[in-house]
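What's in model_28.cif: mmCIF, C-alpha atoms and all ligand atoms
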data_target
loop_
_atom_site.group_PDB
_atom_site.id
_atom_site.type_symbol
_atom_site.label_atom_id
_atom_site.label_comp_id
_atom_site.auth_asym_id
_atom_site.auth_seq_id
_atom_site.Cartn_x
_atom_site.Cartn_y
_atom_site.Cartn_z
ATOM 1 C CA MET A 1 25.234 -8.870 -70.301
ATOM 2 C CA ASN A 2 22.955 -11.675 -69.155
ATOM 3 C CA LEU A 3 22.042 -11.521 -65.468
ATOM 4 C CA ALA A 4 20.676 -14.093 -63.066
ATOM 5 C CA ILE A 5 19.202 -12.912 -59.781
ATOM 6 C CA PHE A 6 19.119 -15.226 -56.766
ATOM 7 C CA ALA A 7 16.545 -14.449 -54.062
ATOM 8 C CA SER A 8 15.021 -16.160 -51.043
ATOM 9 C CA GLY A 9 12.205 -13.829 -50.005
ATOM 10 C CA ASN A 10 10.548 -10.531 -50.746
ATOM 11 C CA GLY A 11 12.662 -9.519 -53.728
ATOM 12 C CA THR A 12 12.564 -5.727 -53.434
ATOM 13 C CA ASN A 13 16.170 -5.553 -54.649
ATOM 14 C CA PHE A 14 15.258 -7.818 -57.560
ATOM 15 C CA GLU A 15 12.439 -5.384 -58.358
ATOM 16 C CA ALA A 16 14.814 -2.405 -58.129
ATOM 17 C CA ILE A 17 17.106 -4.059 -60.690
ATOM 18 C CA ILE A 18 14.145 -4.808 -62.980
ATOM 19 C CA LYS A 19 13.033 -1.156 -62.775
ATOM 20 C CA ALA A 20 16.550 0.128 -63.467
ATOM 21 C CA ILE A 21 16.757 -2.005 -66.617
ATOM 22 C CA GLU A 22 13.275 -0.900 -67.691
ATOM 23 C CA ASP A 23 13.973 2.805 -67.163
ATOM 24 C CA GLY A 24 17.405 2.641 -68.796
ATOM 25 C CA SER A 25 19.533 3.291 -65.683
ATOM 26 C CA ILE A 26 21.146 -0.089 -66.340
ATOM 27 C CA HIS A 27 22.162 -0.429 -69.992
ATOM 28 C CA ASN A 28 22.846 -3.538 -72.040
ATOM 29 C CA ALA A 29 21.546 -6.011 -69.483
ATOM 30 C CA THR A 30 18.819 -8.630 -69.482
ATOM 31 C CA ILE A 31 17.593 -10.622 -66.503
ATOM 32 C CA LYS A 32 17.571 -14.101 -68.006
ATOM 33 C CA LEU A 33 16.508 -15.928 -64.883
ATOM 34 C CA LEU A 34 15.450 -15.621 -61.258
ATOM 35 C CA ILE A 35 16.570 -18.469 -59.015
ATOM 36 C CA VAL A 36 14.615 -18.873 -55.783
ATOM 37 C CA ASP A 37 15.271 -21.391 -53.032
ATOM 38 C CA HIS A 38 11.838 -21.095 -51.341
ATOM 39 C CA LYS A 39 8.612 -21.952 -53.123
ATOM 40 C CA ASP A 40 6.653 -19.169 -51.378
ATOM 41 C CA ALA A 41 9.182 -16.385 -51.985
ATOM 42 C CA TYR A 42 7.359 -13.196 -53.021
ATOM 43 C CA ALA A 43 10.146 -12.616 -55.551
ATOM 44 C CA ILE A 44 8.351 -15.228 -57.715
ATOM 45 C CA THR A 45 5.285 -12.969 -57.989
ATOM 46 C CA ARG A 46 7.554 -10.102 -59.025
ATOM 47 C CA ALA A 47 9.105 -12.305 -61.745
ATOM 48 C CA LYS A 48 5.646 -13.272 -63.023
ATOM 49 C CA ASN A 49 4.531 -9.622 -63.041
ATOM 50 C CA HIS A 50 7.483 -8.718 -65.258
ATOM 51 C CA GLN A 51 7.474 -11.901 -67.410
ATOM 52 C CA ILE A 52 10.907 -12.879 -66.156
ATOM 53 C CA PRO A 53 11.639 -16.633 -66.232
ATOM 54 C CA TYR A 54 12.172 -18.151 -62.809
ATOM 55 C CA GLU A 55 13.181 -21.489 -61.328
ATOM 56 C CA VAL A 56 12.398 -22.695 -57.831
ATOM 57 C CA VAL A 57 15.302 -24.902 -56.756
ATOM 58 C CA LEU A 58 14.868 -26.547 -53.376
ATOM 59 C CA LEU A 59 17.934 -27.872 -51.574
ATOM 60 C CA LYS A 60 15.859 -30.632 -49.968
ATOM 61 C CA ASN A 61 15.277 -32.181 -53.402
ATOM 62 C CA PHE A 62 18.987 -32.877 -53.873
ATOM 63 C CA ALA A 63 21.307 -35.356 -52.208
ATOM 64 C CA SER A 64 23.877 -32.650 -51.454
ATOM 65 C CA LYS A 65 24.563 -28.929 -51.724
ATOM 66 C CA LYS A 66 26.993 -29.829 -54.529
ATOM 67 C CA GLU A 67 24.234 -31.455 -56.585
ATOM 68 C CA TYR A 68 21.909 -28.540 -55.800
ATOM 69 C CA GLU A 69 24.461 -26.052 -57.120
ATOM 70 C CA GLU A 70 25.305 -28.253 -60.125
ATOM 71 C CA HIS A 71 21.639 -28.123 -61.096
ATOM 72 C CA ILE A 72 21.618 -24.336 -60.721
ATOM 73 C CA LEU A 73 24.823 -24.154 -62.772
ATOM 74 C CA SER A 74 23.193 -26.094 -65.608
ATOM 75 C CA LEU A 75 20.296 -23.590 -65.605
ATOM 76 C CA LEU A 76 22.758 -20.687 -65.686
ATOM 77 C CA LYS A 77 24.674 -22.229 -68.598
ATOM 78 C CA GLN A 78 21.472 -22.933 -70.554
ATOM 79 C CA ASN A 79 20.606 -19.256 -70.147
ATOM 80 C CA GLU A 80 24.134 -18.051 -70.980
ATOM 81 C CA VAL A 81 24.301 -16.084 -67.744
ATOM 82 C CA ASP A 82 27.336 -13.786 -67.362
ATOM 83 C CA LEU A 83 26.736 -12.186 -63.967
ATOM 84 C CA ILE A 84 24.959 -13.495 -60.852
ATOM 85 C CA CYS A 85 23.439 -10.963 -58.470
ATOM 86 C CA LEU A 86 22.458 -12.296 -55.069
ATOM 87 C CA ALA A 87 19.546 -10.247 -53.745
ATOM 88 C CA GLY A 88 18.492 -11.539 -50.368
ATOM 89 C CA TYR A 89 19.653 -15.078 -51.224
ATOM 90 C CA MET A 90 20.170 -16.583 -47.798
ATOM 91 C CA LYS A 91 22.562 -19.432 -48.577
ATOM 92 C CA ILE A 92 26.336 -19.654 -48.654
ATOM 93 C CA VAL A 93 27.575 -20.105 -52.231
ATOM 94 C CA THR A 94 30.075 -22.941 -52.642
ATOM 95 C CA ASP A 95 32.858 -23.885 -55.052
ATOM 96 C CA VAL A 96 30.591 -25.288 -57.772
ATOM 97 C CA LEU A 97 29.284 -21.805 -58.561
ATOM 98 C CA LEU A 98 32.305 -19.828 -57.361
ATOM 99 C CA ASP A 99 34.682 -21.734 -59.671
ATOM 100 C CA ALA A 100 32.311 -21.439 -62.630
ATOM 101 C CA TYR A 101 31.787 -17.691 -62.115
ATOM 102 C CA PRO A 102 35.005 -16.215 -60.667
ATOM 103 C CA ASN A 103 34.430 -12.545 -59.752
ATOM 104 C CA LYS A 104 31.059 -12.784 -61.464
ATOM 105 C CA ILE A 105 28.905 -13.302 -58.368
ATOM 106 C CA ILE A 106 27.989 -10.243 -56.330
ATOM 107 C CA ASN A 107 25.886 -9.713 -53.221
ATOM 108 C CA ILE A 108 24.154 -6.914 -51.360
ATOM 109 C CA HIS A 109 24.312 -6.670 -47.584
ATOM 110 C CA PRO A 110 22.378 -4.193 -45.397
ATOM 111 C CA ALA A 111 25.343 -3.165 -43.231
ATOM 112 C CA LEU A 112 28.837 -1.770 -43.586
ATOM 113 C CA LEU A 113 30.873 -4.951 -44.001
ATOM 114 C CA PRO A 114 32.966 -6.424 -42.534
ATOM 115 C CA SER A 115 30.741 -5.444 -39.573
ATOM 116 C CA PHE A 116 27.418 -7.125 -38.909
ATOM 117 C CA LYS A 117 27.537 -10.114 -41.252
ATOM 118 C CA GLY A 118 24.671 -12.579 -41.360
ATOM 119 C CA ALA A 119 20.918 -12.536 -41.723
ATOM 120 C CA HIS A 120 20.183 -9.738 -39.204
ATOM 121 C CA GLY A 121 22.651 -7.026 -40.183
ATOM 122 C CA ILE A 122 20.262 -4.109 -39.623
ATOM 123 C CA GLN A 123 18.987 -5.244 -36.220
ATOM 124 C CA ASP A 124 22.488 -6.201 -35.075
ATOM 125 C CA ALA A 125 23.953 -2.794 -35.962
ATOM 126 C CA PHE A 126 20.971 -1.036 -34.339
ATOM 127 C CA ASP A 127 21.268 -3.120 -31.150
ATOM 128 C CA TYR A 128 24.987 -2.344 -30.993
ATOM 129 C CA GLY A 129 24.129 1.365 -30.851
ATOM 130 C CA CYS A 130 25.672 2.290 -34.185
ATOM 131 C CA LYS A 131 25.060 5.805 -35.412
ATOM 132 C CA VAL A 132 26.479 5.237 -38.890
ATOM 133 C CA PHE A 133 24.716 2.615 -41.005
ATOM 134 C CA GLY A 134 24.934 1.608 -44.604
ATOM 135 C CA VAL A 135 24.886 -0.877 -47.424
ATOM 136 C CA THR A 136 27.656 -2.934 -49.016
ATOM 137 C CA ILE A 137 27.940 -4.538 -52.450
ATOM 138 C CA HIS A 138 30.696 -7.155 -52.588
ATOM 139 C CA TYR A 139 32.057 -10.036 -54.596
ATOM 140 C CA VAL A 140 30.935 -13.344 -53.168
ATOM 141 C CA SER A 141 33.390 -15.754 -51.604
ATOM 142 C CA ALA A 142 32.916 -19.024 -49.732
ATOM 143 C CA GLU A 143 32.723 -17.059 -46.480
ATOM 144 C CA LEU A 144 29.382 -15.691 -45.235
ATOM 145 C CA ASP A 145 29.115 -12.070 -46.420
ATOM 146 C CA GLY A 146 32.839 -12.205 -47.221
ATOM 147 C CA GLY A 147 34.633 -11.250 -50.438
ATOM 148 C CA LYS A 148 36.139 -8.036 -51.722
ATOM 149 C CA ILE A 149 34.011 -4.913 -51.329
ATOM 150 C CA ILE A 150 32.886 -3.201 -54.544
ATOM 151 C CA ALA A 151 30.761 -0.325 -53.235
ATOM 152 C CA GLN A 152 29.422 1.076 -49.975
ATOM 153 C CA LYS A 153 27.107 3.889 -48.986
ATOM 154 C CA ALA A 154 26.845 5.128 -45.418
ATOM 155 C CA PHE A 155 24.559 7.530 -43.575
ATOM 156 C CA GLU A 156 24.059 8.729 -40.013
ATOM 157 C CA TYR A 157 20.964 7.749 -38.064
ATOM 158 C CA TYR A 158 20.434 8.926 -34.493
ATOM 159 C CA GLY A 159 16.798 7.845 -34.207
ATOM 160 C CA SER A 160 15.370 5.010 -32.133
ATOM 161 C CA ASP A 161 12.935 3.459 -34.597
ATOM 162 C CA VAL A 162 14.379 0.319 -36.170
ATOM 163 C CA ASP A 163 11.556 0.165 -38.727
ATOM 164 C CA GLU A 164 12.382 3.674 -39.891
ATOM 165 C CA LEU A 165 16.052 2.712 -40.066
ATOM 166 C CA GLU A 166 15.204 -0.381 -42.101
ATOM 167 C CA SER A 167 13.239 1.716 -44.601
ATOM 168 C CA LYS A 168 16.197 4.063 -44.984
ATOM 169 C CA ILE A 169 18.574 1.151 -45.553
ATOM 170 C CA HIS A 170 16.311 -0.428 -48.150
ATOM 171 C CA ALA A 171 16.015 2.904 -49.968
ATOM 172 C CA VAL A 172 19.821 3.061 -50.132
ATOM 173 C CA GLU A 173 19.957 -0.561 -51.329
ATOM 174 C CA HIS A 174 17.501 0.064 -54.137
ATOM 175 C CA GLU A 175 19.718 2.841 -55.481
ATOM 176 C CA LEU A 176 23.172 1.438 -54.782
ATOM 177 C CA TYR A 177 22.650 -2.045 -56.232
ATOM 178 C CA PRO A 178 21.431 -0.953 -59.699
ATOM 179 C CA ASN A 179 24.085 1.808 -59.846
ATOM 180 C CA THR A 180 26.824 -0.666 -58.992
ATOM 181 C CA ILE A 181 25.599 -3.218 -61.548
ATOM 182 C CA GLU A 182 25.595 -0.520 -64.211
ATOM 183 C CA LYS A 183 29.169 0.479 -63.310
ATOM 184 C CA LEU A 184 30.321 -3.163 -63.346
ATOM 185 C CA ILE A 185 28.798 -3.671 -66.790
ATOM 186 C CA LYS A 186 30.521 -0.509 -68.026
ATOM 187 C CA GLU A 187 33.731 -1.723 -66.355
ATOM 188 C CA GLU A 188 33.969 1.466 -64.335
ATOM 189 C CA LEU A 189 34.758 -0.407 -61.114
HETATM 190 C C1 LIG A 201 18.191 -7.081 -48.207
HETATM 191 O O1 LIG A 201 18.144 -6.120 -47.180
HETATM 192 C C2 LIG A 201 19.601 -7.626 -48.374
HETATM 193 O O2 LIG A 201 20.587 -6.669 -48.154
HETATM 194 C C3 LIG A 201 19.621 -8.684 -47.297
HETATM 195 O O3 LIG A 201 18.384 -9.319 -47.428
HETATM 196 C C4 LIG A 201 17.408 -8.332 -47.798
HETATM 197 C C5 LIG A 201 16.591 -8.888 -48.922
HETATM 198 O O4 LIG A 201 15.523 -8.034 -49.213
HETATM 199 N N1 LIG A 201 20.731 -9.608 -47.471
HETATM 200 C C6 LIG A 201 21.444 -10.079 -46.459
HETATM 201 O O5 LIG A 201 21.184 -9.849 -45.287
HETATM 202 C C7 LIG A 201 22.618 -10.938 -46.860
HETATM 203 N N2 LIG A 201 23.351 -11.331 -45.728
HETATM 204 P P1 LIG A 201 14.738 -8.188 -50.569
HETATM 205 O O6 LIG A 201 14.336 -9.663 -50.709
HETATM 206 O O7 LIG A 201 13.530 -7.321 -50.414
HETATM 207 O O8 LIG A 201 15.624 -7.743 -51.697
#

Could you write out this structure as structure tokens?
Ligand code: GAR
Amino acid sequence: MNLAIFASGNGTNFEAIIKAIEDGSIHNATIKLLIVDHKDAYAITRAKNHQIPYEVVLLKNFASKKEYEEHILSLLKQNEVDLICLAGYMKIVTDVLLDAYPNKIINIHPALLPSFKGAHGIQDAFDYGCKVFGVTIHYVSAELDGGKIIAQKAFEYYGSDVDELESKIHAVEHELYPNTIEKLIKEEL
């Protein structure tokens, strides 16, 4: 199974997937390519550290989102990518990629979808006063953080420290995403 990871920033989930492949928790998978949409994304450094090929693709260099995604699609085809894992990729995916990879694009979100969609899921759930938090892995659709849910993990948090909460959520992410990818590859989901 050839994977592509899409990231926009830090890339800790990308790193968790790399580690899971390296330590054998994910079998029969290779990360063929990292796609980043920001030239200063720290995920690039992680790719370099692990000798993983990466491409910086900037929307502003294309006439339209369609052309931007067509370029990405050509990179995915060249690399014979089977499964796309969004890992902190902060753009809506459109039909160019969705039609080319039906049910083969997945995303991680730091909240229990369908609640708290968007770029601030942790803070939004915290501000709402939630006491149960969690992480969702889902198929990607044209809707922001939409698409059928594949896996979720929830936990209770009664504290008042959003940084502590964020650390707990990321720890859950770094376990749930690799585990879910492994199950998808083994067709257990
Ligand atoms: C993760 O918490 C991921 O769930 C979130 O962005 C973060 C990326 O962190 N994604 C979303 O909010 C999607 N709506 P990372 O770059 O360290 O993996």

As a check of understanding: the span from CA of Ala151 in chain A to CA of Pro110 in chain A is 12.1 Å

Do you know which residues the PyMOL selection byres (((chain A and resi 53) around 8) and not hetatm) returns on this file, as a PDB file with C-alpha atoms, keeping the file's coordinate frame?
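Everything below was put into out_37.pdb:
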ATOM      1  CA  LYS A  32      17.571 -14.101 -68.006  1.00  0.00           C
ATOM      2  CA  LEU A  33      16.508 -15.928 -64.883  1.00  0.00           C
ATOM      3  CA  LEU A  34      15.450 -15.621 -61.258  1.00  0.00           C
ATOM      4  CA  ALA A  47       9.105 -12.305 -61.745  1.00  0.00           C
ATOM      5  CA  LYS A  48       5.646 -13.272 -63.023  1.00  0.00           C
ATOM      6  CA  GLN A  51       7.474 -11.901 -67.410  1.00  0.00           C
ATOM      7  CA  ILE A  52      10.907 -12.879 -66.156  1.00  0.00           C
ATOM      8  CA  TYR A  54      12.172 -18.151 -62.809  1.00  0.00           C
ATOM      9  CA  GLU A  55      13.181 -21.489 -61.328  1.00  0.00           C
TER      10      GLU A  55
END

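For the pair CA of Thr180 in chain A and CA of Gln152 in chain A, the separation is 9.5 Å.
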
### Task
Name the residues that the PyMOL selection byres (((chain A and resi 68) around 12) and not hetatm) picks from the file above, as a ChimeraX atom specification, using the file's chain letters and numbers.
/A:35,37,56-67,69-75,91,93-97

Build an axis-aligned box that encloses every atom of range 150-163 of chain A listed in the file, pad it by 8 Å on each side, and report its centre and edge lengths in Å to one decimal, as AutoDock Vina command-line options.
--center_x 22.2 --center_y 2.9 --center_z -43.3 --size_x 37.3 --size_y 28.1 --size_z 38.4

Take the PyMOL selection byres (((not hetatm)) within 7 of (chain A and resi 201)), run it mentally on this structure, and tell me the resulting residues as a ChimeraX atom specification. /A:7-14,87-90,108-110,117-121,145,170,173

Considering only C-alpha atoms, return as a list in words whatever protein or nucleic-acid residues lie within 9 Å of Val162 in chain A, sequence-local ones (same chain, fewer than 6 positions apart) excluded.
Ile122, Gln123 and Phe126 of chain A

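CA of Phe6 in chain A lies 17.2 Å from CA of Gly147 in chain A.
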
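Using all atoms listed in the file, the smallest distance between any of A:Lys148, A:Gly129, A:Leu184, A:Val135 and Asp161 in chain A comes from A:Gly129.
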
| Which one of A:Val132, A:Ala111, A:Ile5, A:Ile150 sits closest to Ile18 in chain A if you count all atoms listed in the file? |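 Checking each candidate against Ile18 in chain A, we get A:Ile5 as the closest.
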
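Nearest residue to Cys130 in chain A among A:Ala154, A:Val81, A:Met1, A:Ile181 is A:Ala154, counting only C-alpha atoms.
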
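Minimum distance to Lys168 in chain A across A:Gly134, A:Asn49, A:Thr30, A:Glu80 (counting all atoms listed in the file) occurs at A:Gly134.
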